[in-house]
$ cat my_file.txt   # compact mmCIF, C-alpha atoms
# COMPACT_ATOMS: atom_id res chain seq x y z
CA MET A 1 -8.67 21.26 12.34
CA HIS A 2 -5.96 23.83 11.86
CA ASP A 3 -4.97 25.70 8.73
CA LEU A 4 -2.24 23.54 7.21
CA SER A 5 0.07 26.35 6.05
CA VAL A 6 -0.31 28.35 9.29
CA PHE A 7 0.42 25.23 11.31
CA ARG A 8 3.54 24.38 9.28
CA ASN A 9 4.93 27.89 9.54
CA ASN A 10 4.30 28.36 13.29
CA LEU A 11 5.03 24.95 14.80
CA ASP A 12 6.99 26.15 17.84
CA ALA A 13 4.56 28.94 18.77
CA ILE A 14 1.56 26.61 18.37
CA ALA A 15 3.28 23.90 20.43
CA SER A 16 3.84 26.41 23.23
CA ARG A 17 0.19 27.48 23.29
CA LEU A 18 -1.06 23.89 23.14
CA ALA A 19 1.17 23.04 26.09
CA ASP A 20 -0.95 25.48 28.13
CA ARG A 21 -3.89 23.13 27.66
CA GLY A 22 -1.85 20.06 28.59
CA PHE A 23 -1.26 18.82 25.06
CA SER A 24 2.23 17.80 24.01
CA LEU A 25 2.72 18.43 20.31
CA ASP A 26 5.30 16.18 18.66
CA VAL A 27 7.00 19.02 16.82
CA GLU A 28 9.79 16.82 15.46
CA ALA A 29 7.32 14.36 13.90
CA PHE A 30 5.52 17.20 12.13
CA ARG A 31 8.78 18.86 11.15
CA LYS A 32 10.16 15.60 9.72
CA LEU A 33 7.05 15.11 7.61
CA ASP A 34 7.17 18.70 6.46
CA THR A 35 10.87 18.46 5.53
CA GLU A 36 10.23 15.31 3.51
CA ARG A 37 7.25 16.92 1.80
CA ARG A 38 9.16 20.08 0.96
CA ALA A 39 11.99 17.97 -0.49
CA ALA A 40 9.53 16.05 -2.70
CA VAL A 41 7.89 19.30 -3.86
CA THR A 42 11.27 20.88 -4.57
CA GLN A 43 12.40 17.85 -6.58
CA SER A 44 9.18 17.94 -8.58
CA GLU A 45 9.47 21.66 -9.28
CA GLN A 46 13.11 21.33 -10.34
CA LEU A 47 12.25 18.52 -12.75
CA LYS A 48 9.34 20.55 -14.17
CA ALA A 49 11.74 23.46 -14.77
CA GLN A 50 14.17 21.05 -16.41
CA ILE A 51 11.43 19.68 -18.67
CA LYS A 52 10.38 23.18 -19.66
CA ALA A 53 13.94 24.08 -20.64
CA GLU A 54 14.44 20.77 -22.41
CA THR A 55 11.17 21.11 -24.30
CA GLN A 56 12.21 24.53 -25.58
CA GLU A 57 15.56 23.11 -26.70
CA ILE A 58 13.87 20.18 -28.44
CA GLY A 59 11.68 22.66 -30.32
CA LYS A 60 14.73 24.48 -31.60
CA LEU A 61 16.42 21.23 -32.65
CA LYS A 62 13.34 20.09 -34.51
CA LYS A 63 13.27 23.32 -36.48
CA ALA A 64 16.89 22.70 -37.38
CA GLY A 65 15.97 19.21 -38.62
CA ASP A 66 17.87 17.32 -35.90
CA ASP A 67 16.80 13.96 -34.47
CA THR A 68 15.29 14.58 -30.99
CA SER A 69 13.86 11.14 -30.23
CA ALA A 70 16.42 10.36 -27.50
CA ARG A 71 15.85 13.70 -25.78
CA GLN A 72 12.07 13.25 -25.99
CA LEU A 73 12.41 9.83 -24.34
CA ALA A 74 14.45 11.44 -21.56
CA VAL A 75 11.69 14.03 -21.03
CA ARG A 76 9.08 11.28 -20.71
CA GLU A 77 11.25 9.60 -18.09
CA LEU A 78 11.38 12.89 -16.21
CA ASP A 79 7.57 13.04 -16.35
CA GLY A 80 7.47 9.67 -14.58
CA LYS A 81 9.81 10.91 -11.87
CA ILE A 82 7.65 14.02 -11.37
CA ALA A 83 4.57 11.85 -10.94
CA THR A 84 6.45 9.84 -8.26
CA PHE A 85 7.51 12.96 -6.36
CA ASP A 86 4.00 14.47 -6.64
CA GLU A 87 2.46 11.29 -5.26
CA GLN A 88 5.01 11.26 -2.46
CA ALA A 89 4.17 14.89 -1.56
CA LYS A 90 0.45 14.05 -1.65
CA SER A 91 0.96 11.06 0.65
CA LEU A 92 3.01 13.12 3.10
CA ASP A 93 0.33 15.83 3.03
CA GLU A 94 -2.26 13.21 3.96
CA GLN A 95 -0.08 11.92 6.81
CA PHE A 96 0.31 15.50 8.03
CA ARG A 97 -3.47 16.01 7.95
CA GLU A 98 -4.09 12.74 9.81
CA LEU A 99 -1.75 13.85 12.59
CA LEU A 100 -3.33 17.29 12.51
CA ALA A 101 -6.81 15.81 13.04
CA GLY A 102 -5.76 14.76 16.54
CA VAL A 103 -4.39 18.17 17.55
CA PRO A 104 -6.77 20.27 19.70
CA ASN A 105 -7.73 23.85 18.97
CA ILE A 106 -5.53 26.74 20.05
CA PRO A 107 -7.00 28.55 23.09
CA HIS A 108 -8.10 32.13 22.53
CA GLU A 109 -5.79 34.72 24.09
CA SER A 110 -8.48 35.64 26.66
CA VAL A 111 -8.66 32.10 28.07
CA PRO A 112 -7.01 31.82 31.51
CA THR A 113 -4.09 29.42 31.75
CA GLY A 114 -4.64 26.50 34.10
CA LYS A 115 -4.50 22.75 34.55
CA SER A 116 -7.94 21.79 35.87
CA ALA A 117 -11.41 22.99 36.87
CA ALA A 118 -9.82 24.48 39.99
CA ASP A 119 -8.27 27.13 37.72
CA ASN A 120 -11.53 28.19 36.05
CA VAL A 121 -12.52 31.82 36.61
CA GLU A 122 -15.98 32.90 37.75
CA VAL A 123 -17.29 35.80 35.67
CA ARG A 124 -20.71 36.33 37.25
CA ARG A 125 -23.18 34.93 39.76
CA VAL A 126 -26.94 35.39 39.50
CA GLY A 127 -29.51 34.63 42.18
CA THR A 128 -29.13 33.44 45.75
CA PRO A 129 -29.34 29.79 46.79
CA PRO A 130 -32.60 29.18 48.69
CA GLN A 131 -32.55 29.03 52.47
CA PHE A 132 -34.61 26.15 53.89
CA ASP A 133 -35.98 25.78 57.43
CA PHE A 134 -35.63 22.02 56.93
CA THR A 135 -32.99 19.71 55.51
CA PRO A 136 -33.48 19.72 51.72
CA LYS A 137 -33.52 16.39 49.96
CA PRO A 138 -31.61 15.46 46.81
CA HIS A 139 -33.73 14.71 43.76
CA TRP A 140 -32.87 11.01 43.88
CA ASP A 141 -34.82 10.83 47.16
CA LEU A 142 -37.46 13.47 46.48
CA GLY A 143 -38.39 12.26 42.98
CA PRO A 144 -39.16 8.66 43.97
CA GLU A 145 -41.02 9.84 47.10
CA LEU A 146 -43.25 12.01 44.89
CA GLY A 147 -43.76 9.07 42.55
CA ILE A 148 -42.44 11.00 39.54
CA LEU A 149 -38.98 9.42 39.16
CA ASP A 150 -38.22 5.69 39.04
CA PHE A 151 -34.72 4.23 38.91
CA GLU A 152 -35.52 0.62 39.81
CA ARG A 153 -37.84 0.01 36.86
CA ALA A 154 -35.43 1.81 34.51
CA ALA A 155 -32.66 -0.54 35.66
CA LYS A 156 -34.97 -3.51 35.03
CA ILE A 157 -35.85 -2.28 31.53
CA THR A 158 -32.34 -1.27 30.51
CA GLY A 159 -29.67 -0.92 33.19
CA ALA A 160 -27.82 1.60 35.31
CA ARG A 161 -27.84 5.34 34.49
CA PHE A 162 -31.35 5.38 33.05
CA ALA A 163 -34.57 6.76 34.54
CA VAL A 164 -38.31 6.47 34.11
CA TYR A 165 -40.42 9.60 34.63
CA TRP A 166 -44.03 9.19 35.80
CA GLY A 167 -47.05 11.49 35.55
CA VAL A 168 -46.27 15.15 36.12
CA GLY A 169 -42.57 14.21 36.23
CA ALA A 170 -42.76 13.17 32.58
CA LYS A 171 -44.84 16.23 31.77
CA LEU A 172 -42.29 18.51 33.47
CA GLU A 173 -39.58 17.17 31.15
CA ARG A 174 -41.79 17.84 28.12
CA ALA A 175 -42.81 21.26 29.46
CA LEU A 176 -39.18 22.29 29.84
CA ILE A 177 -38.36 21.29 26.26
CA ASN A 178 -41.28 23.34 24.90
CA PHE A 179 -40.52 26.29 27.19
CA MET A 180 -36.85 26.41 26.15
CA LEU A 181 -37.65 26.15 22.44
CA ASP A 182 -40.33 28.83 22.70
CA VAL A 183 -38.01 31.28 24.49
CA HIS A 184 -35.13 30.72 22.09
CA THR A 185 -37.25 31.03 18.95
CA GLU A 186 -39.65 33.78 20.07
CA LYS A 187 -37.35 35.88 22.28
CA HIS A 188 -33.80 35.14 21.14
CA GLY A 189 -34.28 34.81 17.38
CA TYR A 190 -33.22 31.21 16.75
CA THR A 191 -34.77 29.01 14.08
CA GLU A 192 -35.93 25.63 15.37
CA VAL A 193 -34.86 22.48 13.54
CA LEU A 194 -35.59 18.83 14.27
CA PRO A 195 -32.61 16.84 12.96
CA PRO A 196 -32.07 13.06 12.76
CA PHE A 197 -31.09 11.46 16.06
CA MET A 198 -28.64 9.17 14.27
CA ILE A 199 -25.61 10.55 12.48
CA ASN A 200 -22.81 9.17 10.32
CA SER A 201 -19.07 9.16 10.95
CA ALA A 202 -18.45 12.11 8.60
CA SER A 203 -20.70 14.27 10.78
CA LEU A 204 -18.90 13.20 13.94
CA TYR A 205 -15.54 13.90 12.32
CA GLY A 206 -16.74 17.36 11.33
CA THR A 207 -17.49 18.38 14.92
CA GLY A 208 -14.36 16.73 16.34
CA ASN A 209 -16.07 13.81 18.11
CA LEU A 210 -14.22 11.36 15.89
CA PRO A 211 -11.68 9.97 16.08
CA LYS A 212 -10.83 11.14 19.60
CA PHE A 213 -14.09 10.38 21.43
CA GLU A 214 -15.27 7.19 19.76
CA ALA A 215 -15.33 5.38 23.12
CA ASP A 216 -18.02 7.79 24.35
CA LEU A 217 -20.35 7.04 21.44
CA PHE A 218 -23.00 4.38 20.86
CA LYS A 219 -22.48 2.87 17.38
CA ILE A 220 -25.17 0.88 15.61
CA LYS A 221 -23.74 -2.48 14.62
CA ASP A 222 -22.97 -3.12 10.95
CA THR A 223 -23.77 0.46 9.93
CA ASP A 224 -22.03 3.84 9.71
CA TYR A 225 -24.65 5.26 12.08
CA TYR A 226 -24.13 6.47 15.62
CA LEU A 227 -26.66 7.70 18.18
CA ALA A 228 -26.26 11.46 18.53
CA PRO A 229 -24.27 12.45 21.66
CA THR A 230 -25.65 16.00 21.33
CA ALA A 231 -27.65 18.03 18.78
CA GLU A 232 -24.45 19.96 18.11
CA VAL A 233 -23.39 17.18 15.73
CA PRO A 234 -26.37 16.97 13.35
CA VAL A 235 -27.14 20.71 13.47
CA THR A 236 -23.55 21.82 12.75
CA ASN A 237 -23.40 19.34 9.87
CA LEU A 238 -26.52 20.77 8.25
CA TYR A 239 -24.12 22.97 6.28
CA ARG A 240 -21.24 20.51 5.86
CA ASP A 241 -19.45 21.04 2.52
CA GLU A 242 -21.53 24.14 1.81
CA THR A 243 -20.67 27.82 1.31
CA LEU A 244 -22.78 30.32 3.25
CA ASP A 245 -23.51 33.92 2.35
CA TRP A 246 -21.49 36.29 4.56
CA GLU A 247 -24.35 38.81 4.57
CA LYS A 248 -26.76 36.25 6.06
CA LEU A 249 -24.52 35.46 9.02
CA PRO A 250 -24.99 34.81 11.86
CA ILE A 251 -27.28 31.84 11.35
CA LYS A 252 -28.86 30.92 14.68
CA LEU A 253 -30.43 27.48 15.11
CA CYS A 254 -31.86 25.59 18.07
CA ALA A 255 -32.87 21.97 18.33
CA TYR A 256 -34.27 19.45 20.76
CA THR A 257 -32.80 15.95 20.67
CA PRO A 258 -32.32 13.04 23.00
CA CYS A 259 -28.61 12.51 23.62
CA PHE A 260 -26.80 9.21 24.06
CA ARG A 261 -23.40 8.83 25.72
CA SER A 262 -21.51 5.85 27.06
CA GLU A 263 -19.86 8.13 29.65
CA ALA A 264 -16.54 6.39 29.08
CA GLY A 265 -14.05 7.46 31.70
CA SER A 266 -16.70 8.74 34.12
CA TYR A 267 -16.88 5.62 36.29
CA GLY A 268 -17.75 6.56 39.85
CA ARG A 269 -18.79 10.13 38.97
CA ASP A 270 -22.35 11.36 39.65
CA VAL A 271 -23.63 7.81 40.01
CA ARG A 272 -26.75 8.85 41.95
CA GLY A 273 -29.79 10.42 40.35
CA ILE A 274 -30.06 11.82 36.84
CA ILE A 275 -27.02 14.10 36.79
CA ARG A 276 -25.04 11.80 34.48
CA GLN A 277 -27.13 9.48 32.31
CA HIS A 278 -26.59 7.36 29.20
CA GLN A 279 -29.74 8.93 27.71
CA PHE A 280 -30.95 12.46 28.36
CA GLN A 281 -32.80 15.30 26.64
CA LYS A 282 -31.24 18.58 25.63
CA VAL A 283 -32.07 21.79 23.78
CA GLU A 284 -29.01 22.95 21.86
CA LEU A 285 -28.08 26.36 20.45
CA VAL A 286 -25.84 26.49 17.37
CA LYS A 287 -24.47 29.51 15.52
CA PHE A 288 -22.58 30.02 12.26
CA ALA A 289 -20.87 33.39 12.58
CA ARG A 290 -18.52 35.81 10.86
CA PRO A 291 -14.97 35.44 12.23
CA GLU A 292 -14.71 39.11 13.16
CA SER A 293 -17.81 38.98 15.40
CA SER A 294 -17.79 35.41 16.70
CA TYR A 295 -16.78 36.36 20.25
CA GLN A 296 -19.64 38.85 20.54
CA GLU A 297 -21.86 36.02 19.33
CA LEU A 298 -20.41 33.72 22.01
CA ASP A 299 -21.30 36.23 24.73
CA ALA A 300 -24.81 36.58 23.31
CA LEU A 301 -25.31 32.81 23.08
CA THR A 302 -24.16 32.41 26.69
CA HIS A 303 -26.64 35.07 27.83
CA ASP A 304 -29.41 33.31 25.89
CA ALA A 305 -28.72 30.10 27.82
CA GLU A 306 -28.51 32.01 31.12
CA ASP A 307 -31.86 33.66 30.38
CA ILE A 308 -33.62 30.31 30.71
CA LEU A 309 -32.33 29.93 34.27
CA GLU A 310 -33.23 33.53 35.12
CA ARG A 311 -36.79 33.03 33.87
CA LEU A 312 -37.04 29.86 35.97
CA GLY A 313 -35.67 31.66 39.03
CA LEU A 314 -32.78 29.20 39.46
CA PRO A 315 -29.52 30.48 41.02
CA PHE A 316 -26.44 30.00 38.85
CA ARG A 317 -22.93 31.14 38.18
CA THR A 318 -20.95 31.37 34.96
CA VAL A 319 -17.26 30.51 34.72
CA VAL A 320 -14.76 30.75 31.87
CA LEU A 321 -12.87 27.50 31.53
CA CYS A 322 -9.09 27.53 31.78
CA THR A 323 -6.84 26.07 29.08
CA GLY A 324 -6.58 22.70 30.83
CA ASP A 325 -10.32 22.19 31.30
CA MET A 326 -11.66 23.01 27.82
CA GLY A 327 -12.85 20.48 25.29
CA PRO A 328 -10.25 19.88 22.56
CA SER A 329 -12.27 21.49 19.74
CA SER A 330 -13.01 24.70 21.65
CA ALA A 331 -11.09 27.97 21.49
CA LYS A 332 -13.04 29.39 24.45
CA THR A 333 -15.79 27.99 26.67
CA TYR A 334 -18.12 29.36 29.32
CA ASP A 335 -19.73 26.86 31.69
CA ILE A 336 -23.04 27.82 33.30
CA GLU A 337 -23.48 26.06 36.64
CA VAL A 338 -26.83 25.81 38.41
CA TRP A 339 -27.17 25.61 42.19
CA LEU A 340 -28.24 22.17 43.47
CA PRO A 341 -29.28 22.01 47.14
CA GLY A 342 -28.91 18.20 47.08
CA LEU A 343 -25.20 18.58 46.40
CA ASN A 344 -24.86 21.92 48.21
CA ASP A 345 -22.88 23.05 45.21
CA TYR A 346 -23.07 24.36 41.66
CA LYS A 347 -23.23 21.87 38.79
CA GLU A 348 -22.64 22.46 35.07
CA ILE A 349 -25.87 22.72 33.09
CA SER A 350 -24.54 24.30 29.89
CA SER A 351 -21.22 24.68 28.08
CA CYS A 352 -21.11 27.51 25.55
CA SER A 353 -18.16 27.40 23.17
CA ASN A 354 -16.60 29.18 20.23
CA PHE A 355 -14.74 26.74 17.99
CA GLU A 356 -13.59 29.48 15.62
CA ALA A 357 -12.81 27.76 12.27
CA TYR A 358 -11.72 24.44 13.84
CA GLN A 359 -14.98 22.57 13.14
CA ALA A 360 -15.75 24.46 9.93
CA ARG A 361 -12.43 23.47 8.42
CA ARG A 362 -13.04 19.80 9.28
CA ALA A 363 -16.61 19.97 7.95
CA GLY A 364 -15.88 22.19 4.93
CA ILE A 365 -18.25 25.00 5.95
CA ARG A 366 -17.17 28.14 4.11
CA MET A 367 -18.59 31.59 3.53
CA LYS A 368 -18.42 33.95 0.59
CA GLY A 369 -18.34 37.73 0.73
CA GLY A 370 -16.90 39.98 3.40
CA VAL A 371 -13.20 40.84 3.55
CA LYS A 372 -12.06 37.67 1.77
CA LYS A 373 -13.63 36.07 -1.27
CA SER A 374 -13.82 32.74 0.57
CA ASP A 375 -13.12 31.82 4.16
CA PHE A 376 -14.29 29.41 6.83
CA VAL A 377 -17.13 30.43 9.14
CA HIS A 378 -16.82 30.27 12.92
CA THR A 379 -19.08 27.76 14.64
CA LEU A 380 -20.46 28.10 18.17
CA ASN A 381 -22.80 26.09 20.33
CA GLY A 382 -24.14 25.70 23.84
CA SER A 383 -26.81 23.84 25.75
CA GLY A 384 -29.91 25.89 26.12
CA LEU A 385 -30.30 23.87 28.41
CA ALA A 386 -29.68 20.26 29.46
CA VAL A 387 -33.29 19.32 30.25
CA GLY A 388 -32.70 16.63 32.89
CA ARG A 389 -30.41 18.82 34.96
CA THR A 390 -32.93 21.67 34.72
CA TRP A 391 -35.63 19.24 35.87
CA LEU A 392 -33.69 18.19 38.94
CA ALA A 393 -32.66 21.79 39.70
CA ILE A 394 -36.33 22.79 39.81
CA VAL A 395 -37.29 19.84 42.01
CA GLU A 396 -34.46 20.52 44.46
CA ASN A 397 -34.64 24.33 44.59
CA TYR A 398 -38.43 24.56 44.78
CA GLN A 399 -39.04 21.72 47.25
CA GLN A 400 -41.24 22.40 50.27
CA LYS A 401 -41.16 21.07 53.81
CA ASP A 402 -44.16 18.78 53.14
CA GLY A 403 -42.32 17.13 50.21
CA SER A 404 -44.19 18.97 47.46
CA VAL A 405 -42.50 21.07 44.77
CA VAL A 406 -43.67 24.54 43.72
CA VAL A 407 -43.73 24.96 39.93
CA PRO A 408 -41.93 28.09 38.62
CA GLU A 409 -44.50 30.59 37.42
CA VAL A 410 -43.30 30.61 33.80
CA LEU A 411 -43.83 26.83 33.56
CA ARG A 412 -47.36 26.73 34.95
CA PRO A 413 -49.08 27.33 31.59
CA TYR A 414 -47.07 24.41 30.17
CA LEU A 415 -47.57 22.08 33.11
CA GLY A 416 -51.13 22.93 34.11
CA VAL A 417 -50.40 22.81 37.87
CA ASP A 418 -48.89 25.19 40.41
CA VAL A 419 -47.54 22.53 42.76
CA ILE A 420 -46.25 18.99 42.23
CA LEU A 421 -47.81 16.73 44.84
CA LYS A 422 -47.17 13.09 45.66
CA ARG A 423 -48.45 10.83 42.91
CA HIS A 424 -50.83 8.05 43.93
CA ASN A 425 -51.26 4.98 41.72
$ encode --input "my_file.txt" --output "structure tokens"
Amino acid sequence: MHDLSVFRNNLDAIASRLADRGFSLDVEAFRKLDTERRAAVTQSEQLKAQIKAETQEIGKLKKAGDDTSARQLAVRELDGKIATFDEQAKSLDEQFRELLAGVPNIPHESVPTGKSAADNVEVRRVGTPPQFDFTPKPHWDLGPELGILDFERAAKITGARFAVYWGVGAKLERALINFMLDVHTEKHGYTEVLPPFMINSASLYGTGNLPKFEADLFKIKDTDYYLAPTAEVPVTNLYRDETLDWEKLPIKLCAYTPCFRSEAGSYGRDVRGIIRQHQFQKVELVKFARPESSYQELDALTHDAEDILERLGLPFRTVVLCTGDMGPSSAKTYDIEVWLPGLNDYKEISSCSNFEAYQARRAGIRMKGGVKKSDFVHTLNGSGLAVGRTWLAIVENYQQKDGSVVVPEVLRPYLGVDVILKRHN
């Protein structure tokens, strides 16, 4: 959410910047509310000044022995009018905030202007896609042939966009989770947390998932609980309505959670394999940073996520998203895209974002110390990484002509094998 006073005083400039990300701000609706609010506040202040003057005059009259009962009654009537105007201003403030809750963040000045993913800008490319002397298979063929991935039984158990992992396939998923958490905690300095996998509506509002993205969430009937769409939600809300010590920032946390998404609006996209699932595993990185250094922290967080791919030997590229392709809560986002031979293309495996104070203001996460006595922290997060997409990237990039898959060296101590061979029941 935006700072209310800054928003009021810079409506036209903010509307112009939001237009760059394809959002049309109803300036007149906001201006009308603001005009009505200012009028109510002005009326209240004028009446308070009138009461003050009248009270002083009544005091003088009382000292002179005059009857002031009629004037005192008039003052009490003015008090009632003030209460009405104050309530009106409060109601208009609330309406303003409700409208404000649906307004996306303002893009950082370094974000390229554009309308879609076609306008994103590549900032670096690491590794070279493997060259095969055979036609590489996509994971949705290779996994079932190896007996480590099963879509048919998952569909029987639940439905479409679910998967069952067998044998070393299941162990590879678990190995990746442990490997990512170990690297981030032991090498990158994050503290691991294991949060609840269900969250309430206040938590989802704090991160900006509600009210805008309710259709993409799984809600538990007759409760205020939702299944977590990403660990970003519970981990960011660890400090909701708290004040952090400026000197202890940045706070760097990482967490494994399963993630649950209805994928509303994604019909027909990535329908094959495990690229886009209703349930998937992810290791998330979350930071609470000082405003003056949050963009250095964003670069560092992005490199931490990239480091996982480098250690696994997976080719990738990193792009900065343009204004029209960013999530609404983000001020700047880098997407890390891993090479997938099955698609013959790069596919997003991590989004690393700086939300500046947008989430912190919604969630009431402040800091004390520093330049100001009290201010909102900047929140950042990124996948470190999406486990399922890392799984399939390994299977596709390390596949061999005989159908086996070589295990990246750094994973062998976790997996206990050097090569994934066909599973026999």
$ residues_around --input "my_file.txt" --residues "range 17-21 of chain A" --least-positions-apart "6" --cutoff "7 Å" --atoms "only C-alpha atoms" --output "MDAnalysis selection string"
chainID A and resid 106 113 115 323:324
$ residues_around --input "my_file.txt" --residues "Asp133 in chain A" --least-positions-apart "6" --cutoff "12 Å" --atoms "only C-alpha atoms" --output "ChimeraX atom specification"
/A:399-402
$ closest_residue --input "my_file.txt" --among "A:Asp150, A:Glu36, A:Asp418, A:Glu122" --to "Tyr334 in chain A" --atoms "all atoms listed in the file"
A:Glu122
$ closest_residue --input "my_file.txt" --among "A:Lys287, A:Lys347, A:Lys171, A:Arg8" --to "Leu238 in chain A" --atoms "only C-alpha atoms"
A:Lys287
$ atom_distance --input "my_file.txt" --atom1 "CA of Tyr414 in chain A" --atom2 "CA of Ala170 in chain A"
12.3 Å
$ closest_atom_pairs --input "my_file.txt" --of "range 78-190 of chain A" --to "range 270-285 of chain A" --cutoff "7 Å" --atoms "all atoms listed in the file" --output "Markdown table"
| residue | atom | partner | partner_atom | distance |
| --- | --- | --- | --- | --- |
| A:His139 | CA | A:Gly273 | CA | 6.7 |
| A:Trp140 | CA | A:Gly273 | CA | 4.7 |
| A:Arg161 | CA | A:Gln277 | CA | 4.7 |
| A:Phe162 | CA | A:Gln277 | CA | 5.9 |
| A:Ile177 | CA | A:Val283 | CA | 6.8 |
$ decode --input "my_file.txt" --residues "range 122-162 of chain A" --atoms "C-alpha atoms" --output "PDB file, in the first residue's frame"
ATOM      1  CA  GLU A 122      18.219  -9.702 -20.202  1.00  0.00           C
ATOM      2  CA  VAL A 123      20.950  -8.692 -17.757  1.00  0.00           C
ATOM      3  CA  ARG A 124      23.145 -11.804 -17.811  1.00  0.00           C
ATOM      4  CA  ARG A 125      23.403 -15.348 -19.121  1.00  0.00           C
ATOM      5  CA  VAL A 126      25.330 -18.105 -17.358  1.00  0.00           C
ATOM      6  CA  GLY A 127      26.241 -21.505 -18.774  1.00  0.00           C
ATOM      7  CA  THR A 128      25.703 -23.014 -22.195  1.00  0.00           C
ATOM      8  CA  PRO A 129      22.742 -25.224 -23.092  1.00  0.00           C
ATOM      9  CA  PRO A 130      23.918 -28.841 -23.505  1.00  0.00           C
ATOM     10  CA  GLN A 131      24.480 -30.219 -26.989  1.00  0.00           C
ATOM     11  CA  PHE A 132      23.051 -33.716 -27.471  1.00  0.00           C
ATOM     12  CA  ASP A 133      23.961 -36.270 -30.152  1.00  0.00           C
ATOM     13  CA  PHE A 134      20.383 -37.527 -29.864  1.00  0.00           C
ATOM     14  CA  THR A 135      16.958 -35.926 -29.653  1.00  0.00           C
ATOM     15  CA  PRO A 136      16.448 -34.964 -25.982  1.00  0.00           C
ATOM     16  CA  LYS A 137      13.171 -35.894 -24.374  1.00  0.00           C
ATOM     17  CA  PRO A 138      10.951 -33.645 -22.273  1.00  0.00           C
ATOM     18  CA  HIS A 139      10.588 -34.621 -18.634  1.00  0.00           C
ATOM     19  CA  TRP A 140       6.956 -35.660 -19.113  1.00  0.00           C
ATOM     20  CA  ASP A 141       8.239 -38.500 -21.321  1.00  0.00           C
ATOM     21  CA  LEU A 142      11.556 -39.195 -19.621  1.00  0.00           C
ATOM     22  CA  GLY A 143      10.202 -39.263 -16.049  1.00  0.00           C
ATOM     23  CA  PRO A 144       7.505 -41.893 -16.664  1.00  0.00           C
ATOM     24  CA  GLU A 145       9.926 -43.983 -18.766  1.00  0.00           C
ATOM     25  CA  LEU A 146      12.360 -44.012 -15.837  1.00  0.00           C
ATOM     26  CA  GLY A 147       9.515 -44.937 -13.506  1.00  0.00           C
ATOM     27  CA  ILE A 148      10.113 -41.906 -11.273  1.00  0.00           C
ATOM     28  CA  LEU A 149       7.193 -39.681 -12.336  1.00  0.00           C
ATOM     29  CA  ASP A 150       3.539 -40.725 -12.554  1.00  0.00           C
ATOM     30  CA  PHE A 151       0.758 -38.496 -13.865  1.00  0.00           C
ATOM     31  CA  GLU A 152      -1.944 -41.119 -14.380  1.00  0.00           C
ATOM     32  CA  ARG A 153      -2.088 -42.231 -10.753  1.00  0.00           C
ATOM     33  CA  ALA A 154      -1.940 -38.613  -9.568  1.00  0.00           C
ATOM     34  CA  ALA A 155      -4.957 -37.834 -11.751  1.00  0.00           C
ATOM     35  CA  LYS A 156      -6.759 -40.852 -10.263  1.00  0.00           C
ATOM     36  CA  ILE A 157      -5.965 -39.760  -6.700  1.00  0.00           C
ATOM     37  CA  THR A 158      -6.724 -36.072  -7.185  1.00  0.00           C
ATOM     38  CA  GLY A 159      -7.008 -34.699 -10.710  1.00  0.00           C
ATOM     39  CA  ALA A 160      -5.138 -32.791 -13.380  1.00  0.00           C
ATOM     40  CA  ARG A 161      -1.966 -30.802 -12.597  1.00  0.00           C
ATOM     41  CA  PHE A 162      -0.740 -33.128  -9.861  1.00  0.00           C
TER      42      PHE A 162
END
